[in-house]
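J.: The file below is target-v7.txt, compact mmCIF, C-alpha atoms:
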# COMPACT_ATOMS: atom_id res chain seq x y z
CA MET A 1289 -23.82 -30.85 10.12
CA SER A 1290 -21.70 -28.78 12.48
CA THR A 1291 -18.67 -26.86 11.31
CA ARG A 1292 -16.37 -29.00 13.44
CA LYS A 1293 -17.63 -32.20 11.80
CA ARG A 1294 -17.27 -30.74 8.29
CA ILE A 1295 -13.65 -29.70 8.73
CA HIS A 1296 -11.17 -32.32 7.50
CA SER A 1297 -8.27 -31.53 9.83
CA SER A 1298 -5.52 -32.57 7.39
CA ASN A 1299 -6.84 -30.44 4.53
CA PHE A 1300 -7.58 -27.48 6.76
CA LEU A 1301 -4.13 -27.54 8.38
CA THR A 1302 -2.31 -27.78 5.05
CA ASN A 1303 -4.38 -25.01 3.48
CA LEU A 1304 -4.09 -22.69 6.48
CA GLU A 1305 -0.30 -23.16 6.52
CA LEU A 1306 -0.19 -22.31 2.80
CA LEU A 1307 -2.20 -19.14 3.31
CA CYS A 1308 -0.08 -18.05 6.27
CA SER A 1309 3.20 -18.72 4.45
CA SER A 1310 2.76 -15.59 2.33
CA ARG A 1311 2.65 -13.29 5.35
CA ALA A 1312 5.44 -11.94 7.52
CA SER A 1313 4.08 -13.23 10.82
CA VAL A 1314 1.19 -15.04 12.47
CA SER A 1315 0.87 -12.10 14.86
CA ALA A 1316 0.09 -9.74 11.97
CA ILE A 1317 -2.51 -12.16 10.62
CA CYS A 1318 -4.23 -12.48 13.99
CA ARG A 1319 -4.21 -8.71 14.49
CA GLU A 1320 -5.76 -8.07 11.07
CA ILE A 1321 -8.41 -10.80 11.37
CA GLY A 1322 -9.16 -10.04 15.02
CA ILE A 1323 -8.54 -13.57 16.33
CA ASN A 1324 -6.68 -14.34 19.54
CA ARG A 1325 -3.08 -15.37 18.77
CA GLN A 1326 -3.12 -18.40 21.10
CA GLN A 1327 -6.37 -19.62 19.60
CA PHE A 1328 -5.03 -19.23 16.06
CA GLU A 1329 -1.87 -21.15 17.02
CA ARG A 1330 -4.10 -24.01 18.15
CA TYR A 1331 -5.65 -24.09 14.67
CA LEU A 1332 -2.17 -24.27 13.11
CA LYS A 1333 -1.12 -27.10 15.44
CA GLY A 1334 -4.27 -29.12 14.84
CA GLN A 1335 -5.34 -28.78 18.46
CA ALA A 1336 -8.61 -27.02 17.61
CA VAL A 1337 -10.83 -26.11 14.67
CA PRO A 1338 -12.43 -22.70 14.20
CA SER A 1339 -16.04 -21.94 14.92
CA ALA A 1340 -18.29 -21.08 11.97
CA HIS A 1341 -17.82 -17.38 12.76
CA ASN A 1342 -14.02 -17.56 12.87
CA LEU A 1343 -13.93 -19.74 9.77
CA ARG A 1344 -15.80 -17.04 7.84
CA ARG A 1345 -13.42 -14.38 9.15
CA ILE A 1346 -10.39 -16.38 8.01
CA CYS A 1347 -11.93 -16.93 4.56
CA ILE A 1348 -12.74 -13.24 4.12
CA HIS A 1349 -9.24 -12.22 5.20
CA PHE A 1350 -7.49 -14.53 2.75
CA ALA A 1351 -10.06 -14.00 -0.04
CA VAL A 1352 -10.90 -17.70 -0.39
CA SER A 1353 -14.17 -19.59 -0.14
CA GLU A 1354 -14.98 -21.96 2.70
CA ALA A 1355 -14.93 -24.84 0.22
CA GLN A 1356 -11.42 -23.86 -0.91
CA LEU A 1357 -10.12 -23.58 2.64
CA LEU A 1358 -11.52 -26.98 3.61
CA GLY A 1359 -10.94 -28.70 0.27
CA ASP A 1360 -8.12 -30.45 -1.56
CA PRO A 1361 -4.82 -28.64 -0.78
CA THR A 1362 -3.49 -29.29 -4.29
CA LYS A 1363 -6.41 -27.34 -5.74
CA LEU A 1364 -5.81 -24.37 -3.44
CA ARG A 1365 -2.10 -24.29 -4.28
CA ARG A 1366 -2.93 -24.50 -7.97
CA LEU A 1367 -5.37 -21.59 -7.54
CA PHE A 1368 -2.60 -19.28 -6.34
CA ASP A 1369 -0.03 -20.61 -8.80
CA GLU A 1370 -2.38 -19.92 -11.69
CA ARG A 1371 -3.64 -16.46 -10.68
CA PRO A 1372 -2.99 -14.09 -13.58
CA ALA A 1373 0.10 -11.94 -13.20
CA ALA A 1374 -0.51 -8.20 -12.98
CA GLY A 1375 2.11 -7.47 -15.61
CA GLY A 1376 2.00 -10.68 -17.67
CA ARG A 1377 4.22 -13.73 -17.29
CA HIS A 1378 7.35 -11.86 -16.38
CA PRO A 1379 9.45 -11.93 -13.18
CA LEU A 1380 8.24 -8.46 -12.17
CA GLY A 1381 4.66 -9.36 -13.06
CA ASP A 1382 4.92 -12.49 -10.93
CA ALA A 1383 6.25 -10.43 -8.02
CA LEU A 1384 3.20 -8.18 -8.25
CA ARG A 1385 0.67 -11.01 -8.20
CA PRO A 1386 -1.76 -10.71 -5.28
CA HIS A 1387 -0.90 -12.76 -2.20
CA PRO A 1388 -3.57 -14.47 -0.08
CA GLY A 1389 -5.27 -11.90 2.12
CA GLU A 1390 -3.50 -8.96 0.50
CA LEU A 1391 -6.57 -7.38 -1.07
CA ALA A 1392 -8.51 -7.49 2.20
CA ILE A 1393 -5.71 -5.53 3.90
CA LEU A 1394 -5.17 -3.01 1.11
CA ARG A 1395 -8.87 -2.18 1.01
CA ASN A 1396 -8.28 -0.35 4.31
CA TYR A 1397 -6.16 2.15 2.36
CA ILE A 1398 -8.36 2.69 -0.70
CA GLY A 1399 -8.97 6.41 -1.17
CA ALA A 1400 -7.45 9.76 -2.12
CA TYR A 1401 -4.48 11.33 -0.35
CA HIS A 1402 -2.22 14.35 -0.40
CA TYR A 1403 1.37 13.16 -0.79
CA PHE A 1404 4.15 15.24 0.85
CA PHE A 1405 7.91 14.88 0.41
CA MET A 1406 11.08 16.99 0.39
CA THR A 1407 11.72 17.83 -3.24
CA PRO A 1408 15.28 17.92 -4.63
CA SER A 1409 14.18 20.50 -7.19
CA TRP A 1410 13.42 23.15 -4.56
CA ILE A 1411 15.81 22.44 -1.69
CA GLY A 1412 14.36 22.91 1.77
CA GLN A 1413 10.77 22.94 0.52
CA VAL A 1414 7.98 20.41 0.62
CA GLN A 1415 6.14 19.27 -2.47
CA CYS A 1416 2.50 18.27 -2.18
CA GLY A 1417 1.03 15.94 -4.78
CA PHE A 1418 -2.20 14.00 -5.16
CA ILE A 1419 -2.39 10.21 -5.08
CA ASP A 1420 -5.46 8.07 -5.59
CA ILE A 1421 -5.37 4.41 -4.47
CA ARG A 1422 -8.10 2.25 -5.97
CA GLU A 1423 -9.09 -1.35 -6.60
CA GLU A 1424 -9.41 -2.62 -10.16
CA GLU A 1425 -10.28 -6.21 -11.06
CA GLY A 1426 -8.74 -7.76 -7.98
CA VAL A 1427 -5.58 -5.64 -7.83
CA VAL A 1428 -4.85 -2.27 -6.24
CA ARG A 1429 -3.49 0.54 -8.39
CA SER A 1430 -2.43 4.13 -7.83
CA ARG A 1431 -2.51 7.38 -9.77
CA TYR A 1432 -0.21 10.24 -8.76
CA VAL A 1433 -0.57 13.80 -10.01
CA GLY A 1434 2.09 16.40 -9.24
CA ARG A 1435 2.08 20.08 -10.08
CA ALA A 1436 4.44 22.91 -9.22
CA ARG A 1437 5.36 26.33 -10.55
CA ASP A 1438 8.93 27.45 -11.13
CA SER A 1439 9.68 31.17 -11.37
CA ASN A 1440 11.97 30.40 -14.34
CA VAL A 1441 9.21 28.63 -16.25
CA ASP A 1442 6.09 30.32 -17.58
CA LYS A 1443 3.75 27.38 -17.11
CA PRO A 1444 3.25 24.93 -14.23
CA LEU A 1445 5.33 21.75 -14.18
CA ARG A 1446 3.18 18.64 -14.09
CA SER A 1447 3.86 14.96 -13.58
CA ARG A 1448 1.63 11.92 -13.65
CA PHE A 1449 2.47 8.40 -12.47
CA GLU A 1450 0.41 5.23 -12.75
CA GLY A 1451 1.29 2.61 -10.17
CA HIS A 1452 0.69 -0.80 -8.69
CA VAL A 1453 0.19 -1.25 -4.94
CA VAL A 1454 1.18 -4.44 -3.10
CA PHE A 1455 1.46 -5.51 0.53
CA ARG A 1456 4.64 -7.38 1.51
CA GLY A 1457 6.20 -7.94 4.93
CA ASP A 1458 3.81 -5.56 6.73
CA ARG A 1459 4.74 -2.74 4.34
CA ILE A 1460 2.83 -1.09 1.50
CA PHE A 1461 4.83 -0.80 -1.73
CA ILE A 1462 3.79 1.55 -4.54
CA ILE A 1463 5.70 0.95 -7.78
CA GLU A 1464 5.02 3.76 -10.27
CA TYR A 1465 5.69 4.51 -13.92
CA ALA A 1466 5.50 7.82 -15.76
CA ARG A 1467 5.45 8.04 -19.53
CA GLY A 1468 6.61 11.29 -21.10
CA VAL A 1469 9.46 12.85 -23.00
CA ILE A 1470 11.69 10.80 -20.67
CA ASP A 1471 10.11 7.74 -19.09
CA SER A 1472 10.59 7.40 -15.36
CA PHE A 1473 9.96 5.07 -12.44
CA GLY A 1474 9.42 5.74 -8.76
CA GLN A 1475 8.77 3.75 -5.61
CA THR A 1476 7.19 4.50 -2.26
CA ILE A 1477 7.36 2.26 0.82
CA LEU A 1478 4.83 2.99 3.57
CA TYR A 1479 4.29 1.59 7.03
CA ALA A 1480 0.98 -0.22 7.34
CA VAL A 1481 -1.25 0.78 10.26
CA HIS A 1482 -4.60 -0.22 11.66
CA GLN A 1483 -7.59 0.95 9.63
CA HIS A 1484 -8.63 3.59 12.18
CA GLN A 1485 -5.13 5.11 12.02
CA SER A 1486 -4.85 5.25 8.23
CA ASN A 1487 -5.52 8.99 7.88
CA TYR A 1488 -1.74 9.44 7.83
CA LEU A 1489 0.87 7.03 6.45
CA THR A 1490 4.62 7.58 6.55
CA GLY A 1491 7.59 6.02 4.81
CA MET A 1492 10.17 6.69 2.10
CA THR A 1493 9.95 7.65 -1.55
CA PHE A 1494 12.59 7.09 -4.23
CA GLY A 1495 12.57 8.78 -7.61
CA ILE A 1496 14.16 11.16 -10.10
CA GLY A 1497 14.26 14.93 -9.63
CA TRP A 1498 12.54 17.24 -12.12
CA HIS A 1499 15.20 19.96 -12.38
CA PRO A 1500 17.83 21.36 -12.53
CA HIS A 1501 19.33 17.85 -12.80
CA ARG A 1502 17.46 14.57 -13.19
CA GLY A 1503 19.35 12.88 -10.37
CA PRO A 1504 18.08 10.00 -8.20
CA PHE A 1505 16.86 11.05 -4.77
CA ALA A 1506 15.26 9.67 -1.64
CA SER A 1507 13.05 11.48 0.85
CA GLN A 1508 10.86 10.67 3.79
CA VAL A 1509 7.21 10.92 2.81
CA ILE A 1510 3.91 11.38 4.62
CA ILE A 1511 0.51 11.02 2.99
CA LYS A 1512 -2.73 12.38 4.42
CA ARG A 1513 -6.14 10.99 3.55
CA ILE A 1514 -8.40 13.52 1.82
CA HIS A 1515 -11.90 13.88 3.23
CA GLY A 1516 -14.41 12.07 1.04
CA ALA A 1517 -16.47 15.21 0.47
CA THR A 1518 -13.53 17.10 -1.07
CA PRO A 1519 -13.79 17.26 -4.90
CA ILE A 1520 -10.76 15.81 -6.69
CA ARG A 1521 -10.26 19.03 -8.66
CA GLN A 1522 -10.06 21.01 -5.42
CA ALA A 1523 -7.65 18.51 -3.89
CA ILE A 1524 -5.33 18.75 -6.91
CA GLU A 1525 -5.48 22.56 -6.84
CA GLN A 1526 -4.04 22.43 -3.32
CA CYS A 1527 -0.92 20.66 -4.62
CA GLY A 1528 2.30 22.59 -5.10
CA ILE A 1529 5.48 23.71 -3.35
CA TYR A 1530 5.43 24.84 0.30
CA GLU A 1531 8.00 26.10 2.74
CA SER A 1532 8.57 23.32 5.28
CA ASN A 1533 7.34 25.60 8.10
CA SER A 1534 4.38 27.01 6.16
CA ARG A 1535 1.19 27.44 8.17
CA ALA A 1536 -0.66 26.31 5.07
CA LEU A 1537 0.57 22.78 5.78
CA ASP A 1538 -1.31 20.44 8.07
CA PRO A 1539 0.32 20.67 11.57
CA ILE A 1540 1.12 16.96 11.59
CA VAL A 1541 2.75 17.24 8.15
CA ARG A 1542 4.66 20.38 9.19
CA ASN A 1543 5.95 18.68 12.33
CA PHE A 1544 6.96 15.60 10.31
CA PHE A 1545 9.39 17.71 8.25
CA ARG A 1546 10.56 19.90 11.14
CA HIS A 1547 14.01 18.31 11.37
CA GLN A 1548 14.47 17.50 7.69
CA GLU A 1549 16.39 20.06 5.70
CA LYS A 1550 16.73 18.32 2.34
CA PRO A 1551 16.33 14.96 0.59
CA PHE A 1552 19.22 12.62 -0.16
CA VAL A 1553 20.32 13.29 -3.75
CA ILE A 1554 22.86 11.43 -5.91
CA ASP A 1555 24.64 13.82 -8.28
CA GLY A 1556 25.58 12.51 -11.70
Represent the supplied structure as structure tokens.
T.:
Amino acid sequence: MSTRKRIHSSNFLTNLELLCSSRASVSAICREIGINRQQFERYLKGQAVPSAHNLRRICIHFAVSEAQLLGDPTKLRRLFDERPAAGGRHPLGDALRPHPGELAILRNYIGAYHYFFMTPSWIGQVQCGFIDIREEEGVVRSRYVGRARDSNVDKPLRSRFEGHVVFRGDRIFIIEYARGVIDSFGQTILYAVHQHQSNYLTGMTFGIGWHPHRGPFASQVIIKRIHGATPIRQAIEQCGIYESNSRALDPIVRNFFRHQEKPFVIDG
């Protein structure tokens, strides 16, 4: 039986509308799947049904099976309503639950990166940290490692954050938590780009300074993908504090901070 004969138009339309409702725009969906916008609009209006090839692409993008996409809409809605929350049944946990198609998009950004921002602890300098973005049991998580050396302190200062990565409104959000003598939270918001452009991502980071005062701050941030052949230990050893015009910085990173003198800091 052909694909067109198997598709129940009412079920397909309702399910496709449900899947699209979690995304910022139809244009973004079409761009990420690789389907012509006008053709996709015809699917949404019931004027056409997808070919077998396009049906598979839609299913892969939204992480559903063909049977789910073509089946009873109440079952598909129940599937998303009952997906386990990342942080338990709690408002924040519910907010972090995967949205349809989210995992397929975030997989483009899985990998290790160097993470650069203007630090409030050493004004006018750039801090480089290490962040690893990975998939675990259907969700995307992050691990950040920071290290720096202060001339007033005998040993290096280290920080470690564990985070959760979600995709909302064409932006990548990293919500992080550090457990230590004083617990801390941080957040990074990055612009999403096409997969072939994901070697560099830019955005904003919000957190708490290390010293001399633990004040809230915000800084523009750029992250650079680390080549797969680079050992993690070596990548972490490259982390630290750099002058914003240091030739040791990647030229793109150096140019990114060219006109930034310091982060925005709120004094207590």
J.: What lies within 10 Å of Ile1317 of chain A using all atoms listed in the file, ignoring chain neighbours under 6 positions off, as a PDB file with C-alpha atoms, keeping the file's coordinate frame?
T.:
ATOM      1  CA  CYS A1308      -0.080 -18.050   6.270  1.00  0.00           C
ATOM      2  CA  ARG A1311       2.650 -13.290   5.350  1.00  0.00           C
ATOM      3  CA  ILE A1323      -8.540 -13.570  16.330  1.00  0.00           C
ATOM      4  CA  ARG A1325      -3.080 -15.370  18.770  1.00  0.00           C
ATOM      5  CA  PHE A1328      -5.030 -19.230  16.060  1.00  0.00           C
ATOM      6  CA  ILE A1346     -10.390 -16.380   8.010  1.00  0.00           C
ATOM      7  CA  HIS A1349      -9.240 -12.220   5.200  1.00  0.00           C
ATOM      8  CA  PHE A1350      -7.490 -14.530   2.750  1.00  0.00           C
ATOM      9  CA  GLY A1389      -5.270 -11.900   2.120  1.00  0.00           C
ATOM     10  CA  ILE A1393      -5.710  -5.530   3.900  1.00  0.00           C
ATOM     11  CA  ASP A1458       3.810  -5.560   6.730  1.00  0.00           C
TER      12      ASP A1458
END
J.: Quick one: distance from atom CA of Val1414 of chain A to atom CA of Ser1534 of chain A in Å, one decimal?
T.: 9.3 Å
J.: Between atom CA of Gln1327 of chain A and atom CA of Pro1361 of chain A, measure the distance and give it in Å to one decimal.
T.: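 Separation between atom CA of Gln1327 of chain A and atom CA of Pro1361 of chain A: 22.3 Å.
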J.: For segment 1312-1316 of chain A, list every protein, DNA or RNA residue within 12 Å, evaluated using all atoms listed in the file, and leave out those in the same chain fewer than 4 positions away; present the list as a ChimeraX atom specification.
T.: /A:1304-1305,1307-1308,1320-1332,1349,1387,1389-1390,1393,1455-1459,1480-1482
J.: Between A:Ile1419, A:Arg1446, A:Leu1489, A:His1547, which one has atoms that come closest to Glu1464 of chain A, using only C-alpha atoms?
T.: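 Ranking A:Ile1419, A:Arg1446, A:Leu1489, A:His1547 by distance to Glu1464 of chain A, first place goes to A:Ile1419.
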J.: Need the shell around Ile1462 of chain A: protein/DNA/RNA residues with any atom at most 8 Å away, counting all atoms listed in the file. Skip same-chain ones fewer than 3 positions apart. Format as a ChimeraX atom specification?
T.: /A:1430,1451-1454,1475-1477
